[in-house]
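Below is upload18.txt, holding compact mmCIF, C-alpha atoms and all ligand atoms.
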# COMPACT_ATOMS: atom_id res chain seq x y z
CA MET A 1 -101.68 -110.86 -38.36
CA LYS A 2 -100.19 -110.45 -41.81
CA HIS A 3 -97.41 -112.91 -42.50
CA LYS A 4 -94.23 -111.33 -43.82
CA LEU A 5 -91.67 -113.23 -45.82
CA THR A 6 -88.17 -112.92 -44.50
CA LEU A 7 -86.50 -113.92 -47.76
CA PRO A 8 -84.29 -111.31 -49.45
CA THR A 9 -86.34 -108.75 -51.33
CA ALA A 10 -85.33 -106.34 -54.06
CA LYS A 11 -85.35 -103.54 -51.55
CA ASP A 12 -84.57 -103.71 -47.87
CA LYS A 13 -86.20 -101.50 -45.27
CA THR A 14 -84.85 -97.94 -45.44
CA LEU A 15 -82.48 -97.22 -42.58
CA PHE A 16 -82.80 -93.77 -41.03
CA THR A 17 -80.00 -94.77 -38.68
CA PRO A 18 -76.43 -93.51 -38.37
CA GLY A 19 -74.71 -96.78 -39.32
CA PRO A 20 -75.30 -99.36 -40.47
CA LEU A 21 -77.09 -97.27 -43.03
CA THR A 22 -78.77 -97.67 -46.38
CA THR A 23 -76.22 -98.19 -49.15
CA SER A 24 -76.63 -98.21 -52.92
CA LEU A 25 -77.24 -101.44 -54.79
CA SER A 26 -73.96 -100.95 -56.68
CA VAL A 27 -72.03 -100.72 -53.40
CA LYS A 28 -73.56 -104.02 -52.27
CA GLN A 29 -72.92 -105.61 -55.67
CA ALA A 30 -69.23 -104.69 -55.44
CA MET A 31 -68.98 -107.30 -52.68
CA LEU A 32 -69.87 -110.24 -54.95
CA ARG A 33 -66.20 -111.01 -55.41
CA ASP A 34 -63.52 -113.07 -53.75
CA ALA A 35 -60.28 -111.14 -53.42
CA GLY A 36 -56.95 -112.35 -52.04
CA SER A 37 -55.75 -109.86 -49.46
CA TRP A 38 -52.09 -110.46 -50.36
CA HIS A 39 -52.65 -110.15 -54.11
CA PHE A 40 -51.27 -107.10 -55.88
CA GLU A 41 -54.61 -106.14 -57.41
CA PHE A 42 -56.23 -105.96 -53.99
CA ASN A 43 -53.24 -104.07 -52.61
CA GLU A 44 -53.72 -101.50 -55.35
CA VAL A 45 -57.30 -101.01 -54.20
CA VAL A 46 -56.08 -100.53 -50.63
CA ALA A 47 -53.45 -98.02 -51.75
CA SER A 48 -55.95 -96.05 -53.80
CA ILE A 49 -58.39 -95.92 -50.86
CA ARG A 50 -55.63 -94.66 -48.57
CA ASP A 51 -54.76 -91.89 -51.05
CA LYS A 52 -58.38 -91.02 -51.71
CA LEU A 53 -59.13 -90.52 -48.01
CA LEU A 54 -56.29 -88.00 -47.74
CA GLU A 55 -57.63 -86.22 -50.81
CA ILE A 56 -61.13 -86.01 -49.29
CA ALA A 57 -59.55 -84.52 -46.17
CA GLY A 58 -57.71 -81.96 -48.28
CA VAL A 59 -54.27 -83.17 -47.17
CA SER A 60 -51.56 -85.37 -48.69
CA ARG A 61 -48.41 -87.30 -47.89
CA GLU A 62 -46.44 -84.31 -49.20
CA THR A 63 -48.09 -82.11 -46.58
CA GLY A 64 -47.26 -84.66 -43.88
CA PHE A 65 -50.32 -86.88 -43.46
CA GLU A 66 -50.86 -90.65 -43.58
CA THR A 67 -53.88 -92.99 -43.69
CA ILE A 68 -54.13 -96.19 -41.68
CA LEU A 69 -56.98 -98.64 -42.28
CA MET A 70 -57.92 -100.76 -39.26
CA GLN A 71 -60.09 -103.87 -39.08
CA GLY A 72 -63.24 -103.60 -36.99
CA SER A 73 -65.96 -100.98 -36.71
CA GLY A 74 -65.41 -97.31 -35.89
CA THR A 75 -64.92 -98.03 -32.19
CA PHE A 76 -61.92 -100.25 -32.99
CA GLY A 77 -60.34 -97.31 -34.84
CA VAL A 78 -60.85 -95.03 -31.84
CA GLU A 79 -59.42 -97.70 -29.54
CA ALA A 80 -56.46 -98.20 -31.88
CA VAL A 81 -55.63 -94.50 -31.51
CA VAL A 82 -56.23 -94.23 -27.76
CA SER A 83 -54.23 -97.41 -27.05
CA SER A 84 -51.37 -96.55 -29.43
CA VAL A 85 -50.58 -92.86 -29.23
CA LEU A 86 -50.36 -92.02 -25.53
CA PRO A 87 -46.98 -92.67 -23.93
CA PRO A 88 -46.93 -94.89 -20.79
CA ASN A 89 -46.98 -91.79 -18.58
CA GLY A 90 -49.37 -89.86 -20.83
CA LYS A 91 -52.61 -88.28 -19.69
CA LEU A 92 -55.76 -87.86 -21.73
CA LEU A 93 -58.19 -84.99 -21.44
CA ALA A 94 -61.51 -86.20 -22.84
CA LEU A 95 -64.28 -83.78 -23.78
CA ALA A 96 -67.62 -85.49 -23.35
CA ASN A 97 -71.21 -84.47 -24.05
CA GLY A 98 -72.63 -87.80 -25.14
CA ALA A 99 -72.18 -91.55 -25.38
CA TYR A 100 -69.18 -91.46 -27.74
CA GLY A 101 -67.25 -89.07 -25.51
CA GLU A 102 -68.08 -91.41 -22.63
CA ARG A 103 -66.82 -94.37 -24.68
CA LEU A 104 -63.44 -92.65 -25.08
CA ILE A 105 -63.25 -92.33 -21.30
CA GLN A 106 -64.22 -95.97 -20.85
CA MET A 107 -61.47 -97.03 -23.26
CA ALA A 108 -58.85 -94.99 -21.43
CA SER A 109 -60.01 -96.57 -18.19
CA HIS A 110 -59.70 -100.12 -19.60
CA LEU A 111 -56.24 -99.20 -20.84
CA ARG A 112 -55.28 -97.77 -17.40
CA ILE A 113 -54.51 -94.43 -19.04
CA ALA A 114 -54.65 -91.44 -16.70
CA THR A 115 -57.65 -89.38 -17.72
CA ARG A 116 -59.19 -86.03 -16.95
CA VAL A 117 -62.76 -85.46 -18.06
CA LEU A 118 -64.38 -82.24 -19.16
CA ARG A 119 -68.07 -83.02 -19.28
CA THR A 120 -70.91 -80.82 -20.47
CA PRO A 121 -74.63 -81.60 -20.65
CA GLU A 122 -75.71 -83.50 -23.76
CA ASN A 123 -77.28 -80.40 -25.32
CA GLN A 124 -74.25 -78.14 -24.76
CA ILE A 125 -70.92 -77.85 -26.50
CA PRO A 126 -67.72 -77.99 -24.41
CA ASP A 127 -66.85 -74.98 -22.29
CA LEU A 128 -63.83 -73.49 -24.09
CA ASP A 129 -62.80 -71.24 -21.17
CA MET A 130 -62.77 -74.30 -18.96
CA LEU A 131 -60.65 -76.13 -21.55
CA GLN A 132 -58.18 -73.22 -21.49
CA SER A 133 -57.90 -73.27 -17.75
CA VAL A 134 -57.67 -77.07 -17.45
CA LEU A 135 -54.80 -77.15 -19.95
CA SER A 136 -53.05 -74.17 -18.32
CA GLY A 137 -53.41 -75.76 -14.92
CA ASP A 138 -52.35 -79.33 -15.72
CA SER A 139 -49.09 -79.72 -17.62
CA THR A 140 -49.26 -83.51 -17.29
CA ILE A 141 -52.08 -83.67 -19.87
CA THR A 142 -50.43 -84.84 -23.09
CA HIS A 143 -53.45 -85.49 -25.33
CA VAL A 144 -56.92 -84.04 -25.84
CA ALA A 145 -59.75 -86.01 -27.44
CA ALA A 146 -63.02 -84.63 -28.77
CA VAL A 147 -65.97 -85.94 -30.75
CA HIS A 148 -66.98 -83.90 -33.79
CA CYS A 149 -70.62 -84.82 -34.36
CA GLU A 150 -71.81 -86.46 -31.12
CA THR A 151 -74.23 -88.94 -32.67
CA THR A 152 -75.96 -89.44 -29.31
CA THR A 153 -77.89 -86.23 -29.94
CA GLY A 154 -76.61 -84.87 -33.26
CA ILE A 155 -74.77 -81.98 -31.58
CA LEU A 156 -71.88 -80.54 -33.55
CA ASN A 157 -68.86 -79.78 -31.40
CA PRO A 158 -66.53 -76.89 -32.42
CA ILE A 159 -63.45 -78.96 -33.22
CA THR A 160 -61.58 -76.07 -34.86
CA GLU A 161 -61.92 -73.77 -31.83
CA ILE A 162 -61.05 -76.66 -29.50
CA GLY A 163 -58.03 -77.46 -31.69
CA ARG A 164 -56.69 -73.89 -31.51
CA ILE A 165 -56.67 -74.07 -27.72
CA VAL A 166 -55.10 -77.54 -27.74
CA LYS A 167 -52.36 -76.35 -30.09
CA ASP A 168 -51.74 -73.12 -28.08
CA HIS A 169 -50.88 -75.50 -25.26
CA GLN A 170 -48.90 -77.80 -27.58
CA ARG A 171 -50.80 -80.98 -26.82
CA ILE A 172 -51.68 -83.79 -29.23
CA TYR A 173 -55.22 -83.60 -30.61
CA ILE A 174 -57.45 -86.63 -31.33
CA VAL A 175 -60.84 -86.21 -33.04
CA ASP A 176 -63.57 -88.82 -33.42
CA ALA A 177 -65.10 -87.66 -36.71
CA ILE A 178 -66.78 -90.99 -37.35
CA SER A 179 -70.23 -89.57 -38.09
CA SER A 180 -69.13 -86.38 -39.85
CA PHE A 181 -66.17 -87.12 -42.13
CA GLY A 182 -67.18 -86.84 -45.76
CA ALA A 183 -70.28 -84.71 -45.18
CA ILE A 184 -69.18 -81.94 -42.85
CA PRO A 185 -66.06 -80.07 -44.03
CA ILE A 186 -63.08 -80.55 -41.70
CA ASP A 187 -59.82 -78.60 -42.05
CA LEU A 188 -57.24 -80.87 -40.44
CA VAL A 189 -54.48 -78.30 -40.66
CA SER A 190 -56.23 -75.26 -39.19
CA SER A 191 -57.91 -77.47 -36.55
CA GLY A 192 -54.51 -78.85 -35.58
CA ILE A 193 -55.79 -82.43 -35.69
CA ASP A 194 -53.08 -85.04 -35.20
CA PHE A 195 -55.31 -88.13 -35.33
CA LEU A 196 -58.77 -88.23 -36.92
CA ILE A 197 -60.85 -91.40 -36.84
CA SER A 198 -63.75 -92.24 -39.13
CA SER A 199 -65.54 -95.18 -40.68
CA PRO A 200 -66.65 -96.20 -44.17
CA ASN A 201 -70.13 -96.91 -42.83
CA LYS A 202 -71.28 -93.38 -42.04
CA CYS A 203 -71.22 -90.40 -44.39
CA LEU A 204 -69.12 -92.17 -47.01
CA GLU A 205 -71.92 -94.74 -47.42
CA GLY A 206 -69.88 -97.93 -47.42
CA VAL A 207 -70.61 -101.07 -45.41
CA PRO A 208 -69.24 -101.86 -41.93
CA GLY A 209 -66.04 -103.82 -41.38
CA PHE A 210 -63.12 -101.45 -40.91
CA SER A 211 -62.25 -97.96 -39.76
CA PHE A 212 -59.65 -95.48 -40.92
CA ILE A 213 -57.34 -93.05 -39.21
CA LEU A 214 -55.82 -89.94 -40.75
CA ALA A 215 -52.63 -89.09 -38.90
CA ARG A 216 -50.09 -86.30 -38.99
CA ARG A 217 -46.97 -88.29 -39.85
CA ALA A 218 -44.70 -86.61 -37.30
CA ALA A 219 -47.20 -87.35 -34.50
CA LEU A 220 -47.59 -90.95 -35.70
CA LEU A 221 -43.84 -91.61 -35.88
CA ALA A 222 -43.43 -90.21 -32.36
CA THR A 223 -45.51 -93.10 -30.94
CA GLU A 224 -42.90 -95.84 -31.34
CA GLY A 225 -43.21 -98.37 -28.53
CA PHE A 226 -46.45 -96.93 -27.06
CA ALA A 227 -48.97 -99.47 -28.38
CA ARG A 228 -50.68 -101.42 -25.62
CA THR A 229 -52.09 -104.12 -27.91
CA LEU A 230 -50.76 -106.04 -30.89
CA SER A 231 -53.72 -106.10 -33.27
CA LEU A 232 -54.71 -102.45 -32.75
CA ASP A 233 -51.13 -101.13 -32.91
CA LEU A 234 -51.58 -98.03 -35.08
CA LEU A 235 -47.93 -97.48 -35.95
CA GLY A 236 -47.45 -101.23 -36.50
CA GLN A 237 -50.40 -101.28 -38.89
CA TRP A 238 -48.99 -98.29 -40.79
CA LYS A 239 -45.60 -99.98 -41.04
CA GLY A 240 -47.31 -103.04 -42.47
CA PHE A 241 -48.91 -100.97 -45.23
CA GLU A 242 -45.61 -99.25 -45.94
CA LYS A 243 -43.72 -102.55 -46.09
CA ASN A 244 -45.90 -104.54 -48.48
CA GLY A 245 -49.15 -102.63 -49.00
CA GLN A 246 -51.05 -105.14 -46.87
CA PHE A 247 -53.05 -105.33 -43.69
CA ARG A 248 -51.10 -107.25 -41.05
CA TYR A 249 -54.02 -109.62 -40.43
CA THR A 250 -56.94 -110.69 -42.64
CA PRO A 251 -58.92 -107.62 -43.67
CA ALA A 252 -62.63 -107.41 -44.52
CA THR A 253 -61.91 -107.80 -48.23
CA HIS A 254 -65.53 -107.52 -49.34
CA THR A 255 -66.04 -104.38 -47.30
CA ILE A 256 -63.00 -102.82 -48.94
CA LEU A 257 -64.29 -103.60 -52.43
CA ALA A 258 -67.63 -102.05 -51.45
CA PHE A 259 -65.82 -98.99 -50.14
CA GLN A 260 -63.95 -98.53 -53.42
CA GLN A 261 -67.34 -98.31 -55.14
CA ALA A 262 -68.77 -96.06 -52.41
CA LEU A 263 -65.89 -93.63 -52.99
CA ARG A 264 -66.61 -93.54 -56.74
CA GLU A 265 -70.22 -92.67 -55.96
CA PHE A 266 -69.04 -90.06 -53.46
CA ASP A 267 -67.06 -88.38 -56.26
CA LEU A 268 -70.01 -88.57 -58.64
CA GLU A 269 -72.14 -86.74 -56.10
CA GLY A 270 -69.64 -83.89 -55.89
CA GLY A 271 -67.55 -84.95 -52.89
CA VAL A 272 -68.02 -83.35 -49.48
CA ALA A 273 -70.00 -80.39 -50.87
CA GLY A 274 -72.41 -82.60 -52.81
CA ARG A 275 -73.00 -84.96 -49.94
CA ALA A 276 -73.40 -82.11 -47.47
CA ALA A 277 -76.06 -80.55 -49.71
CA ARG A 278 -78.13 -83.75 -49.86
CA TYR A 279 -77.87 -84.46 -46.13
CA ARG A 280 -78.63 -80.85 -45.23
CA ASN A 281 -81.74 -80.99 -47.40
CA ASN A 282 -82.78 -84.34 -45.86
CA HIS A 283 -82.40 -82.78 -42.43
CA THR A 284 -84.31 -79.58 -43.28
CA VAL A 285 -87.22 -81.48 -44.84
CA LEU A 286 -87.30 -83.81 -41.83
CA LEU A 287 -87.19 -81.05 -39.24
CA ASP A 288 -89.85 -78.94 -40.95
CA GLY A 289 -92.12 -81.96 -41.41
CA MET A 290 -91.70 -83.17 -37.84
CA LYS A 291 -92.47 -79.70 -36.48
CA ARG A 292 -95.61 -79.65 -38.60
CA LEU A 293 -96.60 -82.96 -36.99
CA GLY A 294 -96.10 -81.43 -33.56
CA PHE A 295 -92.74 -82.96 -32.63
CA ARG A 296 -90.09 -80.94 -30.80
CA SER A 297 -86.40 -81.43 -31.56
CA TYR A 298 -84.04 -81.83 -28.62
CA LEU A 299 -81.21 -79.47 -29.61
CA ASN A 300 -81.07 -75.75 -30.25
CA PRO A 301 -80.63 -75.05 -33.97
CA GLU A 302 -77.21 -73.38 -33.43
CA VAL A 303 -75.62 -76.65 -32.31
CA GLN A 304 -77.71 -79.10 -34.38
CA SER A 305 -75.86 -80.98 -37.15
CA TYR A 306 -77.56 -82.20 -40.31
CA VAL A 307 -76.38 -85.78 -39.63
CA ILE A 308 -78.91 -86.94 -37.07
CA THR A 309 -81.77 -85.30 -35.18
CA SER A 310 -83.23 -86.18 -31.77
CA PHE A 311 -86.90 -85.64 -31.09
CA HIS A 312 -88.72 -85.57 -27.77
CA TYR A 313 -91.44 -88.12 -27.21
CA PRO A 314 -94.85 -86.49 -27.69
CA THR A 315 -96.50 -85.71 -24.38
CA ASP A 316 -100.09 -85.09 -25.50
CA PHE A 317 -100.91 -88.82 -25.65
CA ASP A 318 -99.54 -92.04 -24.21
CA PHE A 319 -96.62 -92.39 -26.64
CA GLN A 320 -94.96 -95.78 -26.66
CA PHE A 321 -91.78 -95.83 -28.66
CA ASP A 322 -91.83 -99.61 -29.22
CA LYS A 323 -95.25 -99.46 -30.87
CA PHE A 324 -94.28 -96.43 -32.93
CA TYR A 325 -91.08 -98.14 -34.04
CA ARG A 326 -92.91 -101.31 -35.04
CA ARG A 327 -95.49 -99.45 -37.10
CA LEU A 328 -92.77 -97.63 -39.00
CA SER A 329 -90.93 -100.92 -39.49
CA ASP A 330 -94.14 -102.46 -40.92
CA ASN A 331 -93.92 -99.61 -43.43
CA ASP A 332 -90.31 -100.64 -44.19
CA MET A 333 -88.72 -97.72 -42.38
CA ILE A 334 -86.29 -98.05 -39.52
CA ILE A 335 -85.61 -95.21 -37.09
CA TYR A 336 -83.28 -95.14 -34.12
CA PRO A 337 -84.04 -95.24 -30.38
CA GLY A 338 -82.77 -92.42 -28.20
CA LYS A 339 -79.54 -92.67 -26.22
CA ILE A 340 -79.83 -89.48 -24.21
CA SER A 341 -79.73 -89.97 -20.46
CA GLN A 342 -81.52 -86.73 -19.58
CA ALA A 343 -84.62 -86.88 -21.84
CA ASP A 344 -86.96 -89.34 -23.56
CA THR A 345 -86.10 -89.05 -27.23
CA PHE A 346 -85.81 -90.99 -30.45
CA ARG A 347 -83.50 -90.22 -33.34
CA ILE A 348 -83.72 -89.99 -37.11
CA ALA A 349 -80.58 -89.86 -39.22
CA SER A 350 -80.31 -87.97 -42.51
CA ILE A 351 -77.29 -89.93 -43.76
CA GLY A 352 -76.90 -92.94 -46.04
CA ARG A 353 -78.32 -93.51 -49.51
CA ILE A 354 -81.54 -91.68 -48.71
CA PHE A 355 -83.09 -88.75 -50.51
CA GLU A 356 -85.79 -86.15 -49.95
CA ALA A 357 -88.45 -88.55 -51.29
CA ASP A 358 -87.45 -91.11 -48.63
CA VAL A 359 -87.71 -88.49 -45.91
CA ARG A 360 -91.16 -87.47 -47.19
CA SER A 361 -92.29 -91.12 -47.15
CA LEU A 362 -91.06 -91.40 -43.59
CA LEU A 363 -92.99 -88.27 -42.60
CA CYS A 364 -96.18 -89.73 -44.10
CA ALA A 365 -95.64 -92.98 -42.22
CA ILE A 366 -94.97 -91.07 -38.99
CA GLU A 367 -98.16 -89.05 -39.41
CA GLU A 368 -100.17 -92.24 -39.97
CA SER A 369 -98.59 -94.00 -37.02
CA VAL A 370 -99.20 -91.10 -34.68
CA ASN A 371 -102.85 -90.91 -35.73
CA GLU A 372 -103.25 -94.64 -35.21
CA LEU A 373 -101.56 -94.52 -31.83
CA CYS A 374 -103.79 -91.62 -30.74
CA ASP A 375 -106.90 -93.51 -31.96
CA THR A 376 -105.90 -96.67 -30.12
CA LYS A 377 -105.85 -94.64 -26.96
CA ASP A 378 -109.32 -93.24 -27.62
CA ASP A 379 -110.65 -96.80 -28.05
CA LEU A 380 -109.50 -97.84 -24.59
C1 LIG B 1 -70.90 -94.59 -34.96
C2 LIG B 1 -69.97 -93.85 -34.11
C3 LIG B 1 -68.92 -94.47 -33.41
C4 LIG B 1 -68.77 -95.96 -33.33
O1 LIG B 1 -68.69 -96.58 -34.52
P1 LIG B 1 -69.03 -98.15 -34.62
O2 LIG B 1 -68.80 -98.37 -36.06
O3 LIG B 1 -70.46 -98.30 -34.17
O4 LIG B 1 -68.09 -98.86 -33.74
C5 LIG B 1 -68.04 -93.69 -32.70
N1 LIG B 1 -68.16 -92.37 -32.65
C6 LIG B 1 -69.16 -91.73 -33.29
C7 LIG B 1 -69.24 -90.25 -33.20
C8 LIG B 1 -70.09 -92.44 -34.04
O5 LIG B 1 -71.10 -91.81 -34.67
Represent the structure from my file as structure tokens, please.
Amino acid sequence: MKHKLTLPTAKDKTLFTPGPLTTSLSVKQAMLRDAGSWHFEFNEVVASIRDKLLEIAGVSRETGFETILMQGSGTFGVEAVVSSVLPPNGKLLALANGAYGERLIQMASHLRIATRVLRTPENQIPDLDMLQSVLSGDSTITHVAAVHCETTTGILNPITEIGRIVKDHQRIYIVDAISSFGAIPIDLVSSGIDFLISSPNKCLEGVPGFSFILARRAALLATEGFARTLSLDLLGQWKGFEKNGQFRYTPATHTILAFQQALREFDLEGGVAGRAARYRNNHTVLLDGMKRLGFRSYLNPEVQSYVITSFHYPTDFDFQFDKFYRRLSDNDMIIYPGKISQADTFRIASIGRIFEADVRSLLCAIEESVNELCDTKDDL
């Protein structure tokens, strides 16, 4: 067996995964600094990031929106919202068609928040007529939560249509846009979104360490006294930023410096439109190539996002994902196991600092691996 050095190399394995993902060298280099989280220079970086995120979303303070940065990964941002914005007697309606919808439900359960679940199969978007009738029939539901791109499969949920129904019924609307923000256009105003959660470590190509929440100010200010935890208190965190420009507790300073650089590179690429174009192309090249190699994708094209794609295991030979994964890893490429409960799949993400050439290299490596795996079987 070939011995591989585990020392740092000039280039790491390419991550075809939806976070952590491959980032640029300059984003990583931005972390080679020690910054004091109370110092005014660092606070200026935090302030500029908060403004920039509103700008990317196409909203502003003047139009009534605020940004809150929260320590922890994306999940901590979702939990900050769920634990902070529902009143003690509130009730959450959660739309679920994958693991991240299920995680919302799990959070609400841990928090002892009354919850109603509207579940659809993992390859189907929520039933909007059902949503209408659930909201008409249950006036105790105060909040509705949906996931934009359900990264479990790559399905894109219709958050604007869902939002119209939620707003017709005058409920508060929470959207987990962790894997879509920055690469799939989102209109917060016409979707009626009150709280949107995302992370630097997905389509904005930063490194993990914090999450961010875009909030309609009026909805945020109406949550006084609702927070069920201290450290994830959304309104408390916002008040901290407003008071002295600081996080209440030690932030991931290096991650924030990396994110500042990631946002510069996001602008250089042409913002949401530029990033969407690259990811869409990555996805198209991947899908075409995989079809050519005989793989079937899990979702129908109408609901498939260009963020991540699930593929069925091949059935014409004894496919073993672990072996396949290891061969690709030996070629310095990392794909993602499946998470779907109803089918045997693996996933390949199109996001991160990866380009068409990377996708083509992956396709070559996949072709080689499949041939080898088929041959191994013939030898037996
Ligand atoms: C990645 C992801 C999360 C969780 O983010 P972590 O950073 O892994 O905690 C939540 N929701 C969606 C849709 C995601 O893609």
Open item on the list: Just want the 10 Å neighbourhood of A:Thr229, counted on all atoms listed in the file, with same-chain residues fewer than 4 positions away dropped. Output as a PyMOL selection string.
Closed with: chain A and resi 79-80+83-84+111+233-234
Which residues of stretch 305-351 of chain A sit at most 9 Å from stretch 292-299 of chain A, using all atoms listed in the file? Give each one's shortest atom pair and distance in Å (one decimal place), in chain and ascending residue order, as JSON lines.
{"residue": "A:Thr309", "atom": "CA", "partner": "A:Ser297", "partner_atom": "CA", "distance": 7.0}
{"residue": "A:Ser310", "atom": "CA", "partner": "A:Tyr298", "partner_atom": "CA", "distance": 5.4}
{"residue": "A:Phe311", "atom": "CA", "partner": "A:Ser297", "partner_atom": "CA", "distance": 4.3}
{"residue": "A:His312", "atom": "CA", "partner": "A:Arg296", "partner_atom": "CA", "distance": 5.7}
{"residue": "A:Tyr313", "atom": "CA", "partner": "A:Phe295", "partner_atom": "CA", "distance": 7.6}
{"residue": "A:Pro314", "atom": "CA", "partner": "A:Phe295", "partner_atom": "CA", "distance": 6.4}
{"residue": "A:Ala343", "atom": "CA", "partner": "A:Tyr298", "partner_atom": "CA", "distance": 8.5}
{"residue": "A:Thr345", "atom": "CA", "partner": "A:Tyr298", "partner_atom": "CA", "distance": 7.6}
Open item on the list: From the options A:Thr284, A:Ser350, A:Ser60, A:Asn201, which residue's atoms come nearest to ligand LIG 1 (chain B), counting only C-alpha atoms and all ligand atoms?
Closed with: A:Asn201
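Coordinates place atom CA of A:Lys243 at a distance of 18.8 Å from atom CA of A:Arg216.
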TODO: Go through the chains and note each residue within 7 Å of ligand LIG 1 (chain B), using all atoms listed in the file, then give the set as an MDAnalysis selection string.
DONE: chainID A and resid 18:19 73:76 100 147:151 176:179 199 208
Open item on the list: Please list as a list in words every residue within 10 Å of A:Cys203, counting all atoms listed in the file and excluding residues in the same chain fewer than 4 positions away.
Closed with: Pro18, Gly19, Leu21, Ile178, Ser179, Ser180, Phe181, Gly182, Ala183, Ile184, Ser198, Ser199, Phe266, Val272, Arg275, Ala276, Tyr279, Val307, Ser350, Ile351, Gly352 and Arg353 of chain A
Task: For A:Leu328: contacts at 7 Å, all atoms listed in the file, fewer than 4 positions along chain excluded, given as a PyMOL selection string - done: chain A and resi 324+332-334+365-366
TODO: Using only C-alpha atoms, give me every residue within 12 Å of (-81.0, -81.7, -47.6) in file coordinates, as a ChimeraX atom specification.
DONE: /A:183,273-288,305-308,349-351,354-360
File of the preceding selection, C-alpha atoms, as a short mmCIF file (atom, residue, chain, number, x, y, z; two decimals), in the frame of the given file:
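Below is the file that was written, out_0.cif:
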data_model
loop_
_atom_site.label_atom_id
_atom_site.label_comp_id
_atom_site.auth_asym_id
_atom_site.auth_seq_id
_atom_site.Cartn_x
_atom_site.Cartn_y
_atom_site.Cartn_z
CA ALA A 183 -70.28 -84.71 -45.18
CA ALA A 273 -70.00 -80.39 -50.87
CA GLY A 274 -72.41 -82.60 -52.81
CA ARG A 275 -73.00 -84.96 -49.94
CA ALA A 276 -73.40 -82.11 -47.47
CA ALA A 277 -76.06 -80.55 -49.71
CA ARG A 278 -78.13 -83.75 -49.86
CA TYR A 279 -77.87 -84.46 -46.13
CA ARG A 280 -78.63 -80.85 -45.23
CA ASN A 281 -81.74 -80.99 -47.40
CA ASN A 282 -82.78 -84.34 -45.86
CA HIS A 283 -82.40 -82.78 -42.43
CA THR A 284 -84.31 -79.58 -43.28
CA VAL A 285 -87.22 -81.48 -44.84
CA LEU A 286 -87.30 -83.81 -41.83
CA LEU A 287 -87.19 -81.05 -39.24
CA ASP A 288 -89.85 -78.94 -40.95
CA SER A 305 -75.86 -80.98 -37.15
CA TYR A 306 -77.56 -82.20 -40.31
CA VAL A 307 -76.38 -85.78 -39.63
CA ILE A 308 -78.91 -86.94 -37.07
CA ALA A 349 -80.58 -89.86 -39.22
CA SER A 350 -80.31 -87.97 -42.51
CA ILE A 351 -77.29 -89.93 -43.76
CA ILE A 354 -81.54 -91.68 -48.71
CA PHE A 355 -83.09 -88.75 -50.51
CA GLU A 356 -85.79 -86.15 -49.95
CA ALA A 357 -88.45 -88.55 -51.29
CA ASP A 358 -87.45 -91.11 -48.63
CA VAL A 359 -87.71 -88.49 -45.91
CA ARG A 360 -91.16 -87.47 -47.19
#
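Computed from the coordinates, the atom CA of A:Phe321 to atom CA of A:Asn97 distance equals 23.9 Å.
You will find atom CA of A:Ile113 at 15.9 Å from atom CA of A:Tyr173.
Remark: for A:Arg61, the closest of the candidate residues A:His110, A:Arg248, A:Arg217, A:Arg116 is A:Arg217 (distances computed over all atoms listed in the file).
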- [ ] Have a look at A:Ile68, A:Ile213, A:Ala222, A:Val207 and name the one nearest to A:Ala252; count all atoms listed in the file.
- [x] A:Val207
TODO: Find the residues near A:Thr140: any atom within 8 Å, counting all atoms listed in the file, skip ones fewer than 2 places away on the same chain, and give them as number ranges by chain.
DONE: A: 90-91, 138, 142
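Minimum atom-to-atom distances from A:Leu131, A:Ile348, A:Leu204, A:Val78 to A:Asp267 were compared using all atoms listed in the file, and the lowest value belongs to A:Leu204.
Of the listed residues (A:Ile125, A:Val59, A:Ala114, A:Ile197), A:Ile125 comes nearest to A:Ile159; the distances count all atoms listed in the file.
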Task: Best match for closeness to A:Ile172 among A:Glu302, A:Glu41, A:Asp187, A:Asp194, counting all atoms listed in the file - done: A:Asp194
List as a short mmCIF file (atom, residue, chain, number, x, y, z; two decimals) with C-alpha atoms, in the frame of the given file: which residues have an atom within 10 Å of (-69.3, -88.5, -24.5), counting all atoms listed in the file?
data_model
loop_
_atom_site.label_atom_id
_atom_site.label_comp_id
_atom_site.auth_asym_id
_atom_site.auth_seq_id
_atom_site.Cartn_x
_atom_site.Cartn_y
_atom_site.Cartn_z
CA ALA A 94 -61.51 -86.20 -22.84
CA LEU A 95 -64.28 -83.78 -23.78
CA ALA A 96 -67.62 -85.49 -23.35
CA ASN A 97 -71.21 -84.47 -24.05
CA GLY A 98 -72.63 -87.80 -25.14
CA ALA A 99 -72.18 -91.55 -25.38
CA TYR A 100 -69.18 -91.46 -27.74
CA GLY A 101 -67.25 -89.07 -25.51
CA GLU A 102 -68.08 -91.41 -22.63
CA ARG A 103 -66.82 -94.37 -24.68
CA LEU A 104 -63.44 -92.65 -25.08
CA ILE A 105 -63.25 -92.33 -21.30
CA GLN A 106 -64.22 -95.97 -20.85
CA VAL A 117 -62.76 -85.46 -18.06
CA LEU A 118 -64.38 -82.24 -19.16
CA ARG A 119 -68.07 -83.02 -19.28
CA THR A 120 -70.91 -80.82 -20.47
CA PRO A 121 -74.63 -81.60 -20.65
CA GLU A 122 -75.71 -83.50 -23.76
CA ALA A 146 -63.02 -84.63 -28.77
CA VAL A 147 -65.97 -85.94 -30.75
CA GLU A 150 -71.81 -86.46 -31.12
CA THR A 151 -74.23 -88.94 -32.67
CA THR A 152 -75.96 -89.44 -29.31
#
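Summary of the local environment: counting all atoms listed in the file, residues at most 9 Å from A:Glu224, other than itself and those fewer than 2 positions away along its chain, are A:Ser84, A:Val85, A:Leu220, A:Leu221, A:Ala222, A:Phe226, A:Ala227, A:Leu235, A:Gly236.
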